[in-house]
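Reading through the structure tokens given below for one structure.
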Amino acid sequence: MNKNYFEIKRAGINTTFQDQGRGNLYHIGIPFSGAMDNRNFQISNKLVGNEVNFPIIEFAYQGPLLKYFGENINFAITGDVKFIIRKKNNTFEGKCYQSFTLENGDELDIISTNKSVYGYLAVSGEFDVNYQWSSCSVNTKANIGANNGKKIEDGQKIYILNINKNLSDKKLNYINTKIENIRVIQGTNFDYFSNEGKKIFFEKEFVISKLSDRMGMRLEGPKIENIVDTNIKSEGLLKGVIQVPADGNPIIMLSDHGTIGGYPKIGVVISADYDKLVQLTPGSKIKFKKVELADAETLFKLYDLETQNLISQI
Amino acid sequence: MIKNISNLGDAALYCDFGSEVNKEINSKVIRYFKSIQKENIDGINNLTPSYNKLIISFDLRKKNFQTIKKLIENLNITNDDELETNRIKIPVCCDENFSLDIKRLEEKLQITRDKIYEKFFGKEFFCYMTGFIAGMPFLGDLENELQAKRLETPRVKVPKGSVGLTEQFANIYTFESPGGWNIIGNTPQVIFDSTNENNPNLINPGDVVTFEQITKEQYYNINE
């Protein structure tokens, strides 16, 4: 039997298996997880001829260095990523949104993301991973998902099953755009904040703190004053919810968030802006713009249509 | 029974059952939660019951706020007596290595540790909700004399299995996690098991829990 695998020579900072995530478990205390940037996750799979929801490897900032052993396989990287392919007689820099072929002994060195956080590596086959609640997505907090719910580590091997025999080259002309204005819908505790606090929230700039990860994004900036209570009775959270604790600095819930929280909710990031929000690096400046529900629904339809359109171009 | 339904962002309903925390309101939340769960409505991808709120998340590709709101408003809700309640006993060891905050609690509450244990063990607690971290149960209500505020500086790491008190509630840390509850002991019992996909939580909303004090020897014997 042919064994096809990657040997991990360097794991990178936060390298995990992800897919579309797992639903219907909030009541147990388990968040969705899944690829942070859903659009780039789906595109990476399509570029190697997979179904769009196949497991991929997500990395943040510094990616992994992988050495490949086995029969020829295609891979694609999406996001804004610098990476190098080392073949026996040839080393060259790869391009995102394009498939490349790896042969036995080749190395793929994912050096880093450029001015963005997450990148995606898909291969033309199936990563040999275990599933929990129909998803391989790794939740390192509860140790759920592939790889025993842990990050990928130095020295480990990642096996690949069912390699696609048809290794046709695929490519997409696409450039990630950045956003500075994050559109939000007012939260359920909007009136906990002073008029001045509300004004600050929608008019002033906030800076993304280094204390940001797959669970949440912390922001720094002018303090948002609470005039009712800095705690609420604990209740459910969602990705995109913006909580303001007693210190007045907002925290945005991201895909691995705690399912229950007790800080007032000032706003919720609209679904259409989530993929771009998570790609903003610490130090980036953002502003919140208020939108109404009907507009948010239309904006998501447009965003989703654009994603489907990109996928159908591959 | 729902006082008000509003939207939380563009992909969730925020059902408000009131502002107080008590069994009566929480039972209504749980009844709604179980009824909606049973309906298996296409497009709903998560339900989060809490003390007095129920959040219903949906896939914006399939449904929107108005359509889900209508569905919920026209739903048949199960009666009280159809609610399933499990009774669960949780062994807890209060050895000094486990009862990290008992001294602090004696000072805060101005009663002795024996009195604290007397008022805690053997009493029935109701599970209002589970979550924050996987499987963590929020249990109430503690007697007035046991109600204390959170630690002023939360711990960076609360050990797995720790049993903590805050205000009118008790909980169990199912994983090592940051946290600010007053820790009085530790249970060797597995509260969350991710390999049991159909029933990962030992304690579910609506269940009744009693804590039983065990010795250090019993604690380590259970682990073996």
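Simple scheme: letters A, B, ... for chains in structure tokens order, numbers from 1 for residues in each chain, numbers from 1 for ligands in the order shown.
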| Neighbours of chain B in chain A at 10 Å, counting only C-alpha atoms, as number ranges by chain | A: 22-32, 132-134, 141-145, 184-188, 232-241, 257-262, 265, 267-272, 292-297, 300-301, 304
| message | DSSP on the backbone, strand (DSSP E or B) only: what residues of range 7-205 of chain A does that give? Format it as a ChimeraX atom specification. | response | /A:7-10,16-18,56-60,65-69,73-78,81-87,90-93,98-102,107-113,118-123,126-127,132,135,139,144,157-161,171,181-186,193
| said: I want to know what sits within 9 Å of Thr15 in chain A, based on only C-alpha atoms, with residues of the same chain fewer than 4 positions away left out; could you give that as number ranges by chain? | reply: A: 11, 57-60, 62-64, 151-153
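The space separating CA of Leu151 in chain B from CA of Met215 in chain A comes to 23.0 Å.
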| task | Please identify all polymer residues within 9 Å of range 105-108 of chain A, counting only C-alpha atoms, omitting same-chain residues fewer than 5 positions from it, and present them as a list of chain:residue names. | result | A:Pro64, A:Leu65, A:Leu66, A:Lys67, A:Tyr68, A:Phe69, A:Gly70, A:Phe83, A:Ile84, A:Ile85, A:Arg86, A:Lys87, A:Lys88
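The shell of residues at most 7 Å from Tyr120 in chain A, with only C-alpha atoms counted and near chain neighbours (fewer than 2 positions) removed, consists of Asn40, Phe41, Ser44, Ile56, Ile57, Glu58, Phe59, Ile77, Thr78, Gly79, Tyr118 and Ala122 of chain A.
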Quick one: write out the picked residues with N, CA and C atoms as a PDB file, in the first residue's frame?
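The new file part-v8.pdb reads:
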ATOM      1  N   ASN A  40     -11.744  31.930   1.799  1.00  0.00           N
ATOM      2  CA  ASN A  40     -10.440  31.405   1.400  1.00  0.00           C
ATOM      3  C   ASN A  40     -10.318  29.907   1.636  1.00  0.00           C
ATOM      4  N   PHE A  41     -11.005  29.402   2.652  1.00  0.00           N
ATOM      5  CA  PHE A  41     -11.047  27.960   2.922  1.00  0.00           C
ATOM      6  C   PHE A  41     -11.691  27.228   1.744  1.00  0.00           C
ATOM      7  N   SER A  44      -9.600  27.322  -1.523  1.00  0.00           N
ATOM      8  CA  SER A  44      -8.403  26.453  -1.513  1.00  0.00           C
ATOM      9  C   SER A  44      -8.779  25.036  -1.928  1.00  0.00           C
ATOM     10  N   ILE A  56      -8.825  21.098   5.592  1.00  0.00           N
ATOM     11  CA  ILE A  56      -7.610  21.783   5.111  1.00  0.00           C
ATOM     12  C   ILE A  56      -6.711  22.067   6.326  1.00  0.00           C
ATOM     13  N   ILE A  57      -5.534  22.586   6.045  1.00  0.00           N
ATOM     14  CA  ILE A  57      -4.658  23.033   7.137  1.00  0.00           C
ATOM     15  C   ILE A  57      -4.707  24.555   7.166  1.00  0.00           C
ATOM     16  N   GLU A  58      -5.110  25.077   8.320  1.00  0.00           N
ATOM     17  CA  GLU A  58      -5.114  26.532   8.510  1.00  0.00           C
ATOM     18  C   GLU A  58      -3.867  26.910   9.298  1.00  0.00           C
ATOM     19  N   PHE A  59      -3.228  27.995   8.880  1.00  0.00           N
ATOM     20  CA  PHE A  59      -2.073  28.473   9.645  1.00  0.00           C
ATOM     21  C   PHE A  59      -2.236  29.967   9.886  1.00  0.00           C
ATOM     22  N   ILE A  77      -2.520  27.157  -2.029  1.00  0.00           N
ATOM     23  CA  ILE A  77      -2.544  28.005  -0.833  1.00  0.00           C
ATOM     24  C   ILE A  77      -3.362  29.250  -1.140  1.00  0.00           C
ATOM     25  N   THR A  78      -4.238  29.597  -0.201  1.00  0.00           N
ATOM     26  CA  THR A  78      -5.022  30.821  -0.376  1.00  0.00           C
ATOM     27  C   THR A  78      -4.789  31.756   0.806  1.00  0.00           C
ATOM     28  N   GLY A  79      -5.138  33.024   0.579  1.00  0.00           N
ATOM     29  CA  GLY A  79      -4.879  34.068   1.554  1.00  0.00           C
ATOM     30  C   GLY A  79      -3.891  35.022   0.926  1.00  0.00           C
ATOM     31  N   TYR A 118      -4.581  34.695   8.536  1.00  0.00           N
ATOM     32  CA  TYR A 118      -4.775  33.269   8.240  1.00  0.00           C
ATOM     33  C   TYR A 118      -4.531  32.916   6.777  1.00  0.00           C
ATOM     34  N   ALA A 122      -4.627  23.438   0.988  1.00  0.00           N
ATOM     35  CA  ALA A 122      -5.460  22.290   0.604  1.00  0.00           C
ATOM     36  C   ALA A 122      -4.630  21.385  -0.293  1.00  0.00           C
TER      37      ALA A 122
END
I need the residues in range 20-88 of chain B that are helix (DSSP H, G or I) according to DSSP; give them as a short mmCIF file (atom, residue, chain, number, x, y, z; two decimals) with C-alpha atoms, in the first residue's frame.
data_model
loop_
_atom_site.label_atom_id
_atom_site.label_comp_id
_atom_site.auth_asym_id
_atom_site.auth_seq_id
_atom_site.Cartn_x
_atom_site.Cartn_y
_atom_site.Cartn_z
CA LYS B 23 -36.23 28.23 38.14
CA GLU B 24 -39.62 29.24 36.83
CA ILE B 25 -38.27 31.49 34.07
CA ASN B 26 -35.39 29.13 33.32
CA SER B 27 -37.78 26.17 32.98
CA LYS B 28 -39.66 28.12 30.30
CA VAL B 29 -36.38 28.72 28.46
CA ILE B 30 -35.50 25.02 28.66
CA ARG B 31 -38.98 24.01 27.48
CA TYR B 32 -38.62 26.24 24.40
CA PHE B 33 -35.10 24.96 23.80
CA LYS B 34 -36.20 21.31 23.90
CA SER B 35 -39.27 21.92 21.75
CA ILE B 36 -37.30 23.73 19.04
CA GLN B 37 -34.59 21.07 19.18
CA LYS B 38 -37.24 18.38 18.59
CA GLU B 39 -38.61 20.20 15.52
CA PHE B 65 -34.70 36.78 10.95
CA GLN B 66 -38.32 37.23 9.87
CA THR B 67 -38.82 33.63 8.71
CA ILE B 68 -37.34 32.10 11.87
CA LYS B 69 -39.25 34.55 14.08
CA LYS B 70 -42.54 33.47 12.51
CA LEU B 71 -41.67 29.79 12.93
CA ILE B 72 -40.87 30.28 16.62
CA GLU B 73 -43.99 32.31 17.31
CA ASP B 80 -43.81 21.07 32.11
CA ASP B 81 -44.44 17.43 32.92
CA GLU B 82 -42.84 16.28 29.68
#
| Can you list, as a PyMOL selection string, every protein, DNA or RNA residue that comes within 9 Å of Asn38 in chain A when you count only C-alpha atoms, leaving out same-chain residues fewer than 4 positions away? | chain A and resi 19-20+34+42-43+274-275
| request: Show which residues sit within 7 Å of Gly149 in chain A, as an NGL selection string. Count only C-alpha atoms, and ignore same-chain residues fewer than 6 positions away. | output: :A and (138-140 or 143)
